[in-house]
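Worksheet: the structure to be examined is printed underneath.
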Amino acid sequence: MQTGEQIGFIGLGTMGEPMALNLRRAGQPLMVWNRTPERTAPLRDAGAIVAANVGDVFERCNTVLLMLENEGATDAVLGRGTEAFARRVSGHCIVSMGTTSADYSFRLSQDIAMAGGCLVEAPVSGSRKPAETGQLVSMLAGPPEEIERLRPLLSPICKQLFDCGAVPAALQMKLAVNTFLITMVTGLAEAAHFAARHGLDMDRFADILNAGPMASDVSRVKIDKLRNRDFSRQAGISDVLKNSRLVLEAARAADTASPLMKVCEALYAETEAMGRDEDDMIAVIRAIEARTGQRAS
């Protein structure tokens, strides 16, 4: 569903590109920018306007969606800490769809409000495949009137949108969801390793899991990748490691125990250290295999 208003979209990476393409396919007038210009080609072909520089997006769009890798990239795009910041955010609704720390988001929302703009958190749950099919789930936090205005805009990207309250509640909710996702996928990798080490038929293992009560869209995709040793990226190791650390940081701030996430963080760090940072998160099985190898040596 298009809004008629041209909106901005900044950040055309693994998730951002298909998200922006879904907006264009829905007829949404769109201006895009990406730090690596080559990534804008599919959007240009889809009819989006490609901005000459990041400042043009804020000059021509009052609503700007950000799908950026981290806090540093967000600050750079907004010009935070420079004279450009107030000019870029004043009178604008900044929709942050990436995953940052909740504390960072809260402080950013205050800075944007002081400059005359507003921040809406809209982190998404899902990887590239649901991003391509418009099946992401988004958690929203911010001014209620802005959240209602954004619902039709975000509908081509997300199958469901959940209002979580005020900033930073959406990011806190996203980190809670990520805790389950990361521990679940890591557990699946360990289960597959256990099955393989016992010489079990991996196709039968997958069939049994897929037929049982624990099966999910995520498990079906990941078990298929495991049995085919297909580590092509959907949710990258480095991204999952970053999210694991964000969960642990938030847990420490709330004085909350997080024993499973500590183990996961270590395994994803070991996988990244193997040079597998661009592999899919299910490649965490390589770290588990390496630990088994160390036990045998």
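Naming works like this for the structure tokens: A, B, ... for the chains as they're shown, residue 1 at the start of each chain, ligands 1 onward in shown order.
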> Within 9 Å of region 268-279 of chain A, counting only C-alpha atoms, which residues qualify if same-chain residues fewer than 3 places away don't, as JSON, numbers by chain?
Replying inline: {"A": [231, 232, 233, 234, 235, 236, 237, 238, 239, 240, 241, 244, 263, 264, 265, 282, 283, 284, 285, 286, 287, 288]}
Please write the residues from the selection above to a file, keeping C-alpha atoms, as a PDB file, in the first residue's frame.
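New file selection_10.pdb:
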ATOM      1  CA  PHE A 231      26.302 -21.895   4.602  1.00  0.00           C
ATOM      2  CA  SER A 232      25.250 -19.122   2.192  1.00  0.00           C
ATOM      3  CA  ARG A 233      24.212 -16.088   4.171  1.00  0.00           C
ATOM      4  CA  GLN A 234      20.718 -15.334   5.347  1.00  0.00           C
ATOM      5  CA  ALA A 235      21.597 -14.030   8.807  1.00  0.00           C
ATOM      6  CA  GLY A 236      25.374 -13.646   8.965  1.00  0.00           C
ATOM      7  CA  ILE A 237      27.664 -14.917  11.720  1.00  0.00           C
ATOM      8  CA  SER A 238      28.982 -11.417  12.464  1.00  0.00           C
ATOM      9  CA  ASP A 239      25.463 -10.006  12.695  1.00  0.00           C
ATOM     10  CA  VAL A 240      24.413 -12.764  15.094  1.00  0.00           C
ATOM     11  CA  LEU A 241      27.549 -12.221  17.159  1.00  0.00           C
ATOM     12  CA  SER A 244      24.418 -11.828  21.017  1.00  0.00           C
ATOM     13  CA  VAL A 263      27.715 -19.966  25.464  1.00  0.00           C
ATOM     14  CA  CYS A 264      26.241 -18.799  22.156  1.00  0.00           C
ATOM     15  CA  GLU A 265      28.325 -15.632  22.142  1.00  0.00           C
ATOM     16  CA  ILE A 282      23.958 -22.064  11.016  1.00  0.00           C
ATOM     17  CA  ALA A 283      27.698 -22.207  10.241  1.00  0.00           C
ATOM     18  CA  VAL A 284      28.087 -22.056  14.035  1.00  0.00           C
ATOM     19  CA  ILE A 285      28.238 -25.847  13.658  1.00  0.00           C
ATOM     20  CA  ARG A 286      31.837 -25.339  12.531  1.00  0.00           C
ATOM     21  CA  ALA A 287      32.773 -24.059  15.993  1.00  0.00           C
ATOM     22  CA  ILE A 288      31.021 -27.034  17.582  1.00  0.00           C
TER      23      ILE A 288
END
> Could you write out, as a PyMOL selection string, all the residues of region 68-224 of chain A that DSSP marks as helix (DSSP H, G or I)?
Replying inline: chain A and resi 71-78+84-89+102-114+128-132+144-154+169-197+202-211+217-224
>> Which residues are close to Val89 (chain A), i.e. within 8 Å by only C-alpha atoms, leaving aside same-chain residues fewer than 2 positions away? Reply as a VMD selection string.
In response: chain A and resid 58 78 85 to 87 91 to 94 112 115 to 118
Write the residues of the selection above to a file with all heavy atoms, as an mmCIF file, in the first residue's frame.
data_model
loop_
_atom_site.group_PDB
_atom_site.id
_atom_site.type_symbol
_atom_site.label_atom_id
_atom_site.label_comp_id
_atom_site.auth_asym_id
_atom_site.auth_seq_id
_atom_site.Cartn_x
_atom_site.Cartn_y
_atom_site.Cartn_z
ATOM 1 N N PHE A 58 17.355 13.489 3.158
ATOM 2 C CA PHE A 58 16.684 14.243 4.219
ATOM 3 C C PHE A 58 16.093 15.548 3.696
ATOM 4 O O PHE A 58 15.079 16.027 4.213
ATOM 5 C CB PHE A 58 17.663 14.513 5.358
ATOM 6 C CG PHE A 58 18.119 13.266 6.057
ATOM 7 C CD1 PHE A 58 19.301 12.639 5.687
ATOM 8 C CD2 PHE A 58 17.355 12.691 7.055
ATOM 9 C CE1 PHE A 58 19.720 11.479 6.318
ATOM 10 C CE2 PHE A 58 17.762 11.525 7.688
ATOM 11 C CZ PHE A 58 18.949 10.916 7.308
ATOM 12 N N LEU A 78 23.002 10.212 10.068
ATOM 13 C CA LEU A 78 22.231 11.330 10.627
ATOM 14 C C LEU A 78 23.085 12.578 10.852
ATOM 15 O O LEU A 78 22.540 13.653 11.127
ATOM 16 C CB LEU A 78 21.588 10.911 11.946
ATOM 17 C CG LEU A 78 20.530 9.805 11.869
ATOM 18 C CD1 LEU A 78 20.057 9.431 13.262
ATOM 19 C CD2 LEU A 78 19.355 10.233 11.008
ATOM 20 N N PHE A 85 23.237 17.476 11.789
ATOM 21 C CA PHE A 85 22.258 16.647 12.506
ATOM 22 C C PHE A 85 20.899 17.331 12.610
ATOM 23 O O PHE A 85 19.873 16.747 12.216
ATOM 24 C CB PHE A 85 22.787 16.292 13.893
ATOM 25 C CG PHE A 85 21.831 15.460 14.712
ATOM 26 C CD1 PHE A 85 21.603 14.129 14.403
ATOM 27 C CD2 PHE A 85 21.166 16.008 15.804
ATOM 28 C CE1 PHE A 85 20.730 13.351 15.155
ATOM 29 C CE2 PHE A 85 20.295 15.239 16.564
ATOM 30 C CZ PHE A 85 20.074 13.908 16.236
ATOM 31 N N ALA A 86 20.848 18.535 13.124
ATOM 32 C CA ALA A 86 19.574 19.233 13.297
ATOM 33 C C ALA A 86 18.877 19.435 11.961
ATOM 34 O O ALA A 86 17.653 19.276 11.856
ATOM 35 C CB ALA A 86 19.791 20.571 13.993
ATOM 36 N N ARG A 87 19.631 19.759 10.944
ATOM 37 C CA ARG A 87 19.053 19.968 9.619
ATOM 38 C C ARG A 87 18.431 18.676 9.086
ATOM 39 O O ARG A 87 17.379 18.703 8.451
ATOM 40 C CB ARG A 87 20.137 20.477 8.673
ATOM 41 C CG ARG A 87 19.651 20.843 7.290
ATOM 42 C CD ARG A 87 20.709 21.583 6.498
ATOM 43 N NE ARG A 87 21.910 20.768 6.280
ATOM 44 C CZ ARG A 87 23.076 20.959 6.885
ATOM 45 N NH1 ARG A 87 23.198 21.933 7.793
ATOM 46 N NH2 ARG A 87 24.122 20.204 6.620
ATOM 47 N N GLY A 91 11.825 18.175 11.916
ATOM 48 C CA GLY A 91 10.632 17.999 11.109
ATOM 49 C C GLY A 91 10.536 16.652 10.426
ATOM 50 O O GLY A 91 9.658 16.446 9.584
ATOM 51 N N HIS A 92 11.423 15.735 10.778
ATOM 52 C CA HIS A 92 11.458 14.422 10.151
ATOM 53 C C HIS A 92 11.031 13.322 11.121
ATOM 54 O O HIS A 92 11.214 13.445 12.329
ATOM 55 C CB HIS A 92 12.879 14.095 9.664
ATOM 56 C CG HIS A 92 13.320 14.904 8.492
ATOM 57 N ND1 HIS A 92 13.574 16.248 8.570
ATOM 58 C CD2 HIS A 92 13.562 14.550 7.194
ATOM 59 C CE1 HIS A 92 13.952 16.695 7.379
ATOM 60 N NE2 HIS A 92 13.945 15.684 6.530
ATOM 61 N N CYS A 93 10.503 12.260 10.547
ATOM 62 C CA CYS A 93 10.289 11.023 11.303
ATOM 63 C C CYS A 93 11.362 10.044 10.851
ATOM 64 O O CYS A 93 11.391 9.633 9.684
ATOM 65 C CB CYS A 93 8.901 10.451 11.043
ATOM 66 S SG CYS A 93 8.605 8.878 11.901
ATOM 67 N N ILE A 94 12.242 9.698 11.766
ATOM 68 C CA ILE A 94 13.325 8.759 11.486
ATOM 69 C C ILE A 94 12.876 7.384 11.983
ATOM 70 O O ILE A 94 12.566 7.217 13.167
ATOM 71 C CB ILE A 94 14.632 9.181 12.188
ATOM 72 C CG1 ILE A 94 14.977 10.644 11.864
ATOM 73 C CG2 ILE A 94 15.752 8.224 11.823
ATOM 74 C CD1 ILE A 94 15.193 10.934 10.399
ATOM 75 N N ILE A 112 17.057 13.520 18.875
ATOM 76 C CA ILE A 112 16.220 13.855 17.719
ATOM 77 C C ILE A 112 15.044 14.732 18.144
ATOM 78 O O ILE A 112 14.697 15.707 17.470
ATOM 79 C CB ILE A 112 15.740 12.568 17.015
ATOM 80 C CG1 ILE A 112 16.925 11.877 16.317
ATOM 81 C CG2 ILE A 112 14.636 12.869 16.004
ATOM 82 C CD1 ILE A 112 16.585 10.538 15.701
ATOM 83 N N ALA A 115 15.979 18.239 18.617
ATOM 84 C CA ALA A 115 16.236 18.922 17.347
ATOM 85 C C ALA A 115 14.962 19.127 16.543
ATOM 86 O O ALA A 115 15.014 19.667 15.433
ATOM 87 C CB ALA A 115 17.248 18.123 16.530
ATOM 88 N N GLY A 116 13.812 18.707 17.092
ATOM 89 C CA GLY A 116 12.544 18.963 16.417
ATOM 90 C C GLY A 116 12.041 17.836 15.540
ATOM 91 O O GLY A 116 11.140 18.053 14.710
ATOM 92 N N GLY A 117 12.575 16.635 15.727
ATOM 93 C CA GLY A 117 12.102 15.487 14.960
ATOM 94 C C GLY A 117 11.604 14.402 15.885
ATOM 95 O O GLY A 117 11.442 14.617 17.089
ATOM 96 N N CYS A 118 11.332 13.233 15.336
ATOM 97 C CA CYS A 118 10.940 12.111 16.181
ATOM 98 C C CYS A 118 11.566 10.825 15.662
ATOM 99 O O CYS A 118 11.853 10.682 14.473
ATOM 100 C CB CYS A 118 9.415 11.970 16.267
ATOM 101 S SG CYS A 118 8.650 11.246 14.821
#
> Excluding same-chain residues fewer than 5 positions from region 16-27 of chain A, what lies within 7 Å of it counting only C-alpha atoms, as a PyMOL selection string?
Replying inline: chain A and resi 1-2+9+11+43+46+48+67+131-132+134+156-157
> From the set A:Thr292, A:Thr14, A:Gln6, A:Thr63, which residue has the shortest atom-to-atom contact distance to Arg149 (chain A), counting only C-alpha atoms?
Replying inline: A:Thr63
Residue set, region 97-263 of chain A restricted to strand (DSSP E), as a short mmCIF file (atom, residue, chain, number, x, y, z; two decimals) with N, CA and C atoms, in the first residue's frame:
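Ended up saving to selection_12.cif:
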data_model
loop_
_atom_site.label_atom_id
_atom_site.label_comp_id
_atom_site.auth_asym_id
_atom_site.auth_seq_id
_atom_site.Cartn_x
_atom_site.Cartn_y
_atom_site.Cartn_z
N CYS A 118 11.33 13.23 15.34
CA CYS A 118 10.94 12.11 16.18
C CYS A 118 11.57 10.82 15.66
N LEU A 119 11.80 9.91 16.57
CA LEU A 119 12.34 8.60 16.24
C LEU A 119 11.28 7.54 16.51
N VAL A 120 11.10 6.64 15.56
CA VAL A 120 10.28 5.45 15.76
C VAL A 120 11.19 4.24 15.61
N GLU A 121 11.20 3.41 16.62
CA GLU A 121 11.91 2.13 16.52
C GLU A 121 11.03 1.15 15.76
N VAL A 124 13.12 -5.41 12.99
CA VAL A 124 12.39 -6.52 12.39
C VAL A 124 12.97 -7.86 12.83
N SER A 125 12.10 -8.84 12.90
CA SER A 125 12.50 -10.21 13.20
C SER A 125 12.38 -11.02 11.92
N LEU A 136 8.40 -10.33 7.21
CA LEU A 136 9.05 -9.95 8.45
C LEU A 136 8.02 -9.59 9.52
N VAL A 137 8.46 -9.62 10.76
CA VAL A 137 7.64 -9.16 11.88
C VAL A 137 8.34 -7.96 12.48
N SER A 138 7.62 -6.88 12.67
CA SER A 138 8.23 -5.66 13.20
C SER A 138 7.65 -5.30 14.56
N MET A 139 8.53 -4.82 15.42
CA MET A 139 8.14 -4.30 16.73
C MET A 139 8.29 -2.78 16.68
N LEU A 140 7.27 -2.06 17.10
CA LEU A 140 7.24 -0.61 16.96
C LEU A 140 7.23 0.07 18.32
N CYS A 158 6.30 -6.08 6.17
CA CYS A 158 6.05 -6.90 7.37
C CYS A 158 4.66 -7.53 7.32
N LYS A 159 4.60 -8.81 7.68
CA LYS A 159 3.30 -9.48 7.75
C LYS A 159 2.55 -9.09 9.02
N GLN A 160 3.29 -8.71 10.06
CA GLN A 160 2.66 -8.26 11.30
C GLN A 160 3.48 -7.16 11.94
N LEU A 161 2.76 -6.23 12.58
CA LEU A 161 3.38 -5.10 13.26
C LEU A 161 2.83 -5.04 14.68
N PHE A 162 3.73 -4.97 15.65
CA PHE A 162 3.32 -4.98 17.06
C PHE A 162 3.76 -3.70 17.75
N ASP A 163 2.80 -3.00 18.34
CA ASP A 163 3.09 -1.79 19.11
C ASP A 163 3.61 -2.20 20.48
#
> CA of Ser109 (chain A) and CA of Val32 (chain A), how far apart in Å?
Replying inline: 22.5 Å
> With only C-alpha atoms as the basis for distance, which of A:Ile182, A:Met15, A:Ala189, A:Pro143 is at the shortest distance from Lys262 (chain A)?
Replying inline: A:Ile182
>> Need to verify the contact set: Glu249 (chain A), 12 Å, only C-alpha atoms, exclusion of same-chain residues closer than 4 positions in sequence. Can you return it as a list in words?
In response: Thr100, Ser101, Ala102, Asp103, Tyr104, Gln172, Leu175, Lys242, Asn243, Ser244, Arg245, Ala253, Ala254, Asp255, Thr256, Ala257, Ser258, Met261, Lys262 and Glu265 of chain A
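Within the 9 Å cut-off around region 210-222 of chain A, using only C-alpha atoms and omitting residues fewer than 4 positions from it on the same chain, the listed residues are Gly126, Leu181, Met184, Val185, Leu188, Ala189, Phe205, Ala206, Leu226, Arg227, Met281 and Ile282 of chain A.
The nearest approach to Glu145 (chain A) among the residues A:Pro259, A:Pro42, A:Ser105, A:Ala166, with only C-alpha atoms taken into account, belongs to A:Ala166.
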When you look at Arg35 (chain A) with a cut-off of 9 Å (counting only C-alpha atoms), what residues show up, excluding the ones that are within fewer than 2 positions of it in the same chain? I need them as a CSV table (one decimal) with N, CA and C atoms, in the first residue's frame.
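The result, stored in part_33.csv:
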chain,number,residue,atom,x,y,z
A,10,ILE,N,17.5,4.3,3.6
A,10,ILE,CA,19.0,4.3,3.6
A,10,ILE,C,19.5,3.0,4.2
A,11,GLY,N,20.3,2.3,3.5
A,11,GLY,CA,20.9,1.0,3.9
A,11,GLY,C,20.4,-0.2,3.1
A,12,LEU,N,21.1,-0.5,2.1
A,12,LEU,CA,20.6,-1.6,1.1
A,12,LEU,C,21.5,-2.8,1.2
A,33,TRP,N,19.6,5.6,-0.7
A,33,TRP,CA,21.0,5.9,-0.7
A,33,TRP,C,21.7,4.8,0.0
A,37,PRO,N,27.6,2.5,-3.6
A,37,PRO,CA,26.7,2.9,-4.7
A,37,PRO,C,26.2,1.7,-5.5
A,38,GLU,N,27.0,0.7,-5.7
A,38,GLU,CA,26.6,-0.4,-6.6
A,38,GLU,C,25.4,-1.1,-6.1
A,39,ARG,N,25.1,-1.0,-4.8
A,39,ARG,CA,23.9,-1.7,-4.3
A,39,ARG,C,22.6,-1.0,-4.6
A,53,ASN,N,23.7,12.1,-2.7
A,53,ASN,CA,24.4,12.0,-1.4
A,53,ASN,C,23.4,11.8,-0.3
A,54,VAL,N,23.8,11.4,0.9
A,54,VAL,CA,22.9,11.1,1.9
A,54,VAL,C,22.1,12.3,2.3
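For the pair CA of Ala169 (chain A) and CA of Arg107 (chain A), the separation is 13.1 Å.
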> Nearest to Val95 (chain A) among A:Asp207, A:Asp230, A:Glu5, A:Glu146, with distances taken over only C-alpha atoms: which residue is it?
Replying inline: A:Glu146
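Using only C-alpha atoms, the shortest contact distance between Phe194 (chain A) and any of A:Glu289, A:Val247, A:Gly4, A:Met31 is found at A:Glu289.
For the pair CA of Glu83 (chain A) and CA of Glu69 (chain A), the separation is 23.1 Å.
Minimum distance to Pro168 (chain A) across A:Ala122, A:Ala192, A:Leu267, A:Leu209 (counting only C-alpha atoms) occurs at A:Ala122.
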